[in-house]
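Peer 1: One structure coming up, written as structure tokens, with questions to follow.
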2 protein chains.
Amino acid sequence: MTGAVAGIDIGGTNTKIGLVNAEGKIIARKTLSTPDYAQFIDYIEAIAGAVRELLASQSATLKAVGIGAASANYRTGCIEHAANLPWKGIEPICKELSDRLGVPVYLDNDANAAALGEFKYGVARGIEDMVMITLGTGVGGGVISHGKLIHGANSCGGEVGHLRIDYSDNARQCGCGSKGCLETYCSATGVVRTAKEMYKDSRQALTSLDIYNAACSGDQTAIEIFKTVGRQLGRAMALIIQITDPQAIVLFGGLAAANRFFMPSLTEEMDRNIMPVLRGKCKVLISTLNGADAAILGAAATIPANVSNN
Amino acid sequence: MTGAVAGIDIGGTNTKIGLVNAEGKIIARKTLSTPDYAQFIDYIEAIAGAVRELLASQSATLKAVGIGAASANYRTGCIEHAANLPWKGIEPICKELSDRLGVPVYLDNDANAAALGEFKYGVARGIEDMVMITLGTGVGGGVISHGKLIHGANSCGGEVGHLRIDYSDNARQCGCGSKGCLETYCSATGVVRTAKEMYKDSRQALTSLDIYNAACSGDQTAIEIFKTVGRQLGRAMALIIQITDPQAIVLFGGLAAANRFFMPSLTEEMDRNIMPVLRGKCKVLISTLNGADAAILGAAATIPANVSNN
């Protein structure tokens, strides 16, 4: 029998479940539709059933389970007051799953799990001081120091999307309530805001993918937009470097695909804003995991190394 | 026989040596003049002699030695290319002292040692996620997460003095080569620069102490200068909080004495620049250790807890 761990990524739309072997490969997977389970206990039973089914299909034994989710409290093992999930209270997901599957169950928030996934299975494998930045609808992150996540006192460590990078009078209003946050510039929606400012003619229904495609076709305004993204991201990365001095920063998410357009301005602005002794030291890496794999591997990576033995 | 550890703070002018007992009290101390020892090996012999003398005076046994110094490499246990010390090469101070004293010797840079001192012996005792900011001639710092220092890949973790907090065209030039660094505003010299800008009449030979005394006497310009310091420090602390989410930030150094003038603007600006969920969560504490004690206790705190048993 092969030993395996399960990685479970809980999203508002899908719950992705995968078995990961000792080599860090996903050997079986299944997706559940999260909103189909109005009752938390039905959801737990469905996950437990899916894991058992995957184990049977591979003749594998389960060593542990790792979960990545928004609103996850890694200290208590509960999902708490999730905005985008069907159950609104404090749900002891680790205990319930552990009772049913008979193995330890670990939990962390999805951005932290993604950072652990890159550290354990991805481009930053084995880099004990590293940072992950996810460039999606929002901007999230996770910081690892000495091989361990910086959770912080309120589980808000690594919330780099809300680093202020603009103190000018016209700094952008962020959904979080503050102004000038990185997320207002370097998320998919932030890039669209920049595009609306930079295109002289008023285009409608522009998406970040449209802007990327335009840049690929040589559209100079689109290329300039990504240069701006690079400068803004470079500012934030300089701040992260001054505080945590990572060996590598990994970029992940839809916008990371545009790195050839933003990388030169990013490294220039990053270097300009850090101590000279640190210039050129921190590697900027682009994740090579696809979204579904990253979510499952990240979740699996929340399992401590001494438990998973991989 | 009492068990004790030795804390040694190596500065360009003085080397402060103290014995610290299990209760975290300094029970004996001695100061050497650092520039008196042109040869590194003579310096080592002098330190070893001083430690033996202090032990004899207290009938104490030595468990371990901790050292705080600029240009310290905690990984190798060497002082490397120190700018302000008499010996310019790579000096294996931990090995040399350990050979002579027969106990393990630990080393870290002085700002990190100071952070550990507050964590182990000071106002942030036992707070596992905390940050220390030293407001002196320059601005330094140390960040502790999960009870452990964030050293970083190049031993530059916690270099908060070079966080950029001003991106405007007239951001101040920093001695490090970058612009807009916290240190150019919130160090003693930074405050003097602000004072020179704000006082309409050109005063000469103004020091940060003069400005503090003026504020204490009700001078409105001096009070305004410290309000500005508070806003600038608040910006940097917001950045630190977004990345590491500490339970407390400890302020130490000469300028910290002026906290009653800068604290209101500091907390206002800090809260304005962090996610609303984090507002009001991080405590801002003022160190209660005096300079000489802090240096010795910080050095002693570089000794791991399982070695020092205190």
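Residues in the structure tokens are numbered from 1 in each chain, the chains being A, B, ... in the order shown, and ligands are numbered from 1 in the order shown.
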Using DSSP assignments from the backbone, pull out every residue in segment 52-290 of chain B that falls under helix (DSSP H, G or I) and give it to me as a PyMOL selection string.
Peer 2: chain B and resi 52-58+93-101+110-120+160-162+183-186+188-198+208-216+220-244+254-272+276-278
Peer 1: Please build the interface table for chain B against chain A with a cut-off of 9 Å, listing for each qualifying residue the nearest atom pair and the distance in Å to one decimal; count only C-alpha atoms, order rows by chain and increasing number, and write it as JSON lines.
Peer 2:
```
{"residue": "B:Glu128", "atom": "CA", "partner": "A:Ala153", "partner_atom": "CA", "distance": 8.3}
{"residue": "B:Asp129", "atom": "CA", "partner": "A:Gly152", "partner_atom": "CA", "distance": 6.1}
{"residue": "B:Met130", "atom": "CA", "partner": "A:Ala153", "partner_atom": "CA", "distance": 8.7}
{"residue": "B:Gly142", "atom": "CA", "partner": "A:Ile243", "partner_atom": "CA", "distance": 8.7}
{"residue": "B:Val143", "atom": "CA", "partner": "A:Ile243", "partner_atom": "CA", "distance": 7.8}
{"residue": "B:Ser145", "atom": "CA", "partner": "A:Ile150", "partner_atom": "CA", "distance": 6.1}
{"residue": "B:His146", "atom": "CA", "partner": "A:Ile150", "partner_atom": "CA", "distance": 7.4}
{"residue": "B:Lys148", "atom": "CA", "partner": "A:His146", "partner_atom": "CA", "distance": 8.8}
{"residue": "B:Leu149", "atom": "CA", "partner": "A:Ser145", "partner_atom": "CA", "distance": 8.8}
{"residue": "B:Ile150", "atom": "CA", "partner": "A:Ser145", "partner_atom": "CA", "distance": 6.1}
{"residue": "B:His151", "atom": "CA", "partner": "A:Thr244", "partner_atom": "CA", "distance": 7.3}
{"residue": "B:Gly152", "atom": "CA", "partner": "A:Asp245", "partner_atom": "CA", "distance": 4.4}
{"residue": "B:Ala153", "atom": "CA", "partner": "A:Gln247", "partner_atom": "CA", "distance": 5.2}
{"residue": "B:Asn154", "atom": "CA", "partner": "A:Asp245", "partner_atom": "CA", "distance": 6.6}
{"residue": "B:Ser155", "atom": "CA", "partner": "A:Asp245", "partner_atom": "CA", "distance": 7.4}
{"residue": "B:Cys156", "atom": "CA", "partner": "A:Asp245", "partner_atom": "CA", "distance": 5.7}
{"residue": "B:Gly157", "atom": "CA", "partner": "A:Thr244", "partner_atom": "CA", "distance": 4.6}
{"residue": "B:Gly158", "atom": "CA", "partner": "A:Ile243", "partner_atom": "CA", "distance": 4.6}
{"residue": "B:Glu159", "atom": "CA", "partner": "A:Gln242", "partner_atom": "CA", "distance": 5.5}
{"residue": "B:Val160", "atom": "CA", "partner": "A:Ile243", "partner_atom": "CA", "distance": 6.0}
{"residue": "B:Gly161", "atom": "CA", "partner": "A:Gln242", "partner_atom": "CA", "distance": 8.5}
{"residue": "B:His162", "atom": "CA", "partner": "A:Met275", "partner_atom": "CA", "distance": 6.6}
{"residue": "B:Leu163", "atom": "CA", "partner": "A:Leu239", "partner_atom": "CA", "distance": 5.8}
{"residue": "B:Arg164", "atom": "CA", "partner": "A:Asn273", "partner_atom": "CA", "distance": 6.6}
{"residue": "B:Ile165", "atom": "CA", "partner": "A:Tyr167", "partner_atom": "CA", "distance": 8.2}
{"residue": "B:Asp166", "atom": "CA", "partner": "A:Tyr167", "partner_atom": "CA", "distance": 7.2}
{"residue": "B:Tyr167", "atom": "CA", "partner": "A:Asp166", "partner_atom": "CA", "distance": 7.2}
{"residue": "B:Ser168", "atom": "CA", "partner": "A:Ser168", "partner_atom": "CA", "distance": 7.6}
{"residue": "B:Cys176", "atom": "CA", "partner": "A:Met275", "partner_atom": "CA", "distance": 6.0}
{"residue": "B:Gly177", "atom": "CA", "partner": "A:Pro276", "partner_atom": "CA", "distance": 6.7}
{"residue": "B:Ser178", "atom": "CA", "partner": "A:Asn273", "partner_atom": "CA", "distance": 5.9}
{"residue": "B:Lys179", "atom": "CA", "partner": "A:Asn273", "partner_atom": "CA", "distance": 7.2}
{"residue": "B:Gly180", "atom": "CA", "partner": "A:Asn273", "partner_atom": "CA", "distance": 8.5}
{"residue": "B:Cys181", "atom": "CA", "partner": "A:Asn273", "partner_atom": "CA", "distance": 8.4}
{"residue": "B:Arg235", "atom": "CA", "partner": "A:Arg164", "partner_atom": "CA", "distance": 8.5}
{"residue": "B:Ala238", "atom": "CA", "partner": "A:Leu163", "partner_atom": "CA", "distance": 7.9}
{"residue": "B:Leu239", "atom": "CA", "partner": "A:Leu163", "partner_atom": "CA", "distance": 5.9}
{"residue": "B:Ile240", "atom": "CA", "partner": "A:Ile243", "partner_atom": "CA", "distance": 7.1}
{"residue": "B:Ile241", "atom": "CA", "partner": "A:Gly157", "partner_atom": "CA", "distance": 7.8}
{"residue": "B:Gln242", "atom": "CA", "partner": "A:Glu159", "partner_atom": "CA", "distance": 5.5}
{"residue": "B:Ile243", "atom": "CA", "partner": "A:Gly158", "partner_atom": "CA", "distance": 4.6}
{"residue": "B:Thr244", "atom": "CA", "partner": "A:Gly157", "partner_atom": "CA", "distance": 4.6}
{"residue": "B:Asp245", "atom": "CA", "partner": "A:Gly152", "partner_atom": "CA", "distance": 4.5}
{"residue": "B:Pro246", "atom": "CA", "partner": "A:Ala153", "partner_atom": "CA", "distance": 5.5}
{"residue": "B:Gln247", "atom": "CA", "partner": "A:Ala153", "partner_atom": "CA", "distance": 5.2}
{"residue": "B:Ala248", "atom": "CA", "partner": "A:Ala153", "partner_atom": "CA", "distance": 8.9}
{"residue": "B:Arg272", "atom": "CA", "partner": "A:Ser178", "partner_atom": "CA", "distance": 6.4}
{"residue": "B:Asn273", "atom": "CA", "partner": "A:Ser178", "partner_atom": "CA", "distance": 5.9}
{"residue": "B:Ile274", "atom": "CA", "partner": "A:Ser178", "partner_atom": "CA", "distance": 6.7}
{"residue": "B:Met275", "atom": "CA", "partner": "A:Cys176", "partner_atom": "CA", "distance": 6.0}
{"residue": "B:Pro276", "atom": "CA", "partner": "A:Gly177", "partner_atom": "CA", "distance": 6.7}
{"residue": "B:Val277", "atom": "CA", "partner": "A:Cys176", "partner_atom": "CA", "distance": 8.8}
{"residue": "B:Leu278", "atom": "CA", "partner": "A:Asn154", "partner_atom": "CA", "distance": 7.8}
{"residue": "B:Lys281", "atom": "CA", "partner": "A:Asn154", "partner_atom": "CA", "distance": 8.2}
{"residue": "B:Cys282", "atom": "CA", "partner": "A:Ala153", "partner_atom": "CA", "distance": 8.6}
```
Peer 1: Rounded to one decimal place, report the atom CA of Ile211 of chain A-atom CA of Thr134 of chain A distance in Å.
Peer 2: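 Interatomic distance here is 18.7 Å.
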Peer 1: Extract the full set of strand (DSSP E) residues from segment 35-168 of chain B according to DSSP on the backbone, and format it as a ChimeraX atom specification.
Peer 2: /B:60-69,72-73,78-80,90-91,105-109,130-135,139-145,148-149
Peer 1: In Å, how far is it from atom CA of Tyr37 of chain B to atom CA of Ala301 of chain B?
Peer 2: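 For atom CA of Tyr37 of chain B relative to atom CA of Ala301 of chain B, the distance reads 25.7 Å.
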Peer 1: What's the separation between atom CA of Ser33 of chain A and atom CA of Asp293 of chain A, in Å to one decimal place?
Peer 2: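 So the two atoms, atom CA of Ser33 of chain A and atom CA of Asp293 of chain A, lie 17.2 Å apart.
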Peer 1: Find the residues around segment 73-87 of chain A up to 10 Å (only C-alpha atoms counted), leave out those fewer than 5 positions away in its own chain, and share them as a list of chain:residue names.
Peer 2: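 The filter keeps A:Ile10, A:Gly11, A:Gly12, A:Thr13, A:Thr34, A:Pro35, A:Asp36, A:Tyr37, A:Ala38, A:Gln39, A:Phe40, A:Ile41, A:Tyr43, A:Ile67, A:Gly68, A:Pro92, A:Ile93, A:Cys94, A:Lys95, A:Glu96, A:Val105, A:Tyr106, A:Leu107, A:Asp108, A:Asn109, A:His151, A:Asn154, A:Ser155, A:Thr302.
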Peer 1: Just to be explicit: take each residue in the selection above, keep C-alpha atoms, and write the result as a PDB file, in the first residue's frame.
Peer 2:
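And here's selection20.pdb as it stands now:
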```pdb
ATOM      1  CA  ILE A  10     -12.019  24.936  -0.012  1.00  0.00           C
ATOM      2  CA  GLY A  11     -13.291  27.679  -2.284  1.00  0.00           C
ATOM      3  CA  GLY A  12     -16.674  29.358  -2.529  1.00  0.00           C
ATOM      4  CA  THR A  13     -17.381  27.550  -5.809  1.00  0.00           C
ATOM      5  CA  THR A  34     -19.171  23.700  -2.281  1.00  0.00           C
ATOM      6  CA  PRO A  35     -22.613  25.416  -2.378  1.00  0.00           C
ATOM      7  CA  ASP A  36     -24.319  22.016  -2.796  1.00  0.00           C
ATOM      8  CA  TYR A  37     -23.852  21.444   0.939  1.00  0.00           C
ATOM      9  CA  ALA A  38     -26.047  23.796   2.934  1.00  0.00           C
ATOM     10  CA  GLN A  39     -25.342  21.829   6.126  1.00  0.00           C
ATOM     11  CA  PHE A  40     -21.759  21.731   7.328  1.00  0.00           C
ATOM     12  CA  ILE A  41     -22.065  18.141   8.530  1.00  0.00           C
ATOM     13  CA  TYR A  43     -20.186  18.700   3.610  1.00  0.00           C
ATOM     14  CA  ILE A  67      -6.776  22.049   4.257  1.00  0.00           C
ATOM     15  CA  GLY A  68      -6.482  25.500   2.692  1.00  0.00           C
ATOM     16  CA  PRO A  92     -14.435  22.786  13.698  1.00  0.00           C
ATOM     17  CA  ILE A  93     -13.438  21.253  10.395  1.00  0.00           C
ATOM     18  CA  CYS A  94     -10.175  19.679  11.585  1.00  0.00           C
ATOM     19  CA  LYS A  95     -11.820  17.823  14.458  1.00  0.00           C
ATOM     20  CA  GLU A  96     -14.791  16.616  12.404  1.00  0.00           C
ATOM     21  CA  VAL A 105      -5.951  17.202  10.025  1.00  0.00           C
ATOM     22  CA  TYR A 106      -4.249  20.592   9.557  1.00  0.00           C
ATOM     23  CA  LEU A 107      -5.638  23.897   8.325  1.00  0.00           C
ATOM     24  CA  ASP A 108      -4.346  27.269   7.177  1.00  0.00           C
ATOM     25  CA  ASN A 109      -5.633  30.149   5.117  1.00  0.00           C
ATOM     26  CA  HIS A 151       1.313  33.739  11.074  1.00  0.00           C
ATOM     27  CA  ASN A 154      -3.949  37.767  14.569  1.00  0.00           C
ATOM     28  CA  SER A 155      -3.237  35.290  11.746  1.00  0.00           C
ATOM     29  CA  THR A 302       0.046  22.636   5.670  1.00  0.00           C
TER      30      THR A 302
END
```
Peer 1: Write out as number ranges by chain which residues come within 12 Å of Ala305 of chain A when counting only C-alpha atoms, dropping same-chain ones fewer than 5 positions away.
Peer 2: A: 5, 22, 63-64, 66, 106, 116, 119-121, 126, 147-148, 300, 310
Peer 1: Could you write out the selected residues, including C-alpha atoms, as a short mmCIF file (atom, residue, chain, number, x, y, z; two decimals), in the first residue's frame?
Peer 2:
```cif
data_model
loop_
_atom_site.label_atom_id
_atom_site.label_comp_id
_atom_site.auth_asym_id
_atom_site.auth_seq_id
_atom_site.Cartn_x
_atom_site.Cartn_y
_atom_site.Cartn_z
CA VAL A 5 -1.66 12.66 2.25
CA ALA A 22 5.69 10.97 -1.06
CA LYS A 63 -1.25 9.63 6.69
CA ALA A 64 -2.76 13.06 7.24
CA GLY A 66 -4.18 19.39 5.02
CA TYR A 106 -4.25 20.59 9.56
CA LEU A 116 3.83 26.47 1.84
CA PHE A 119 8.14 26.02 -0.43
CA LYS A 120 7.46 22.29 -0.26
CA TYR A 121 6.55 21.32 -3.83
CA GLY A 126 13.59 24.06 0.17
CA GLY A 147 11.14 27.31 7.06
CA LYS A 148 8.09 28.41 9.04
CA ALA A 300 -1.25 19.30 1.55
CA ASN A 310 7.50 14.08 2.54
#
```
Peer 1: Out of B:Val65, B:Met270, B:Met1, B:Leu32, which residue has the shortest atom-to-atom distance to Lys16 of chain B when counting only C-alpha atoms?
Peer 2: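 Of all the options, B:Leu32 lies closest to Lys16 of chain B.
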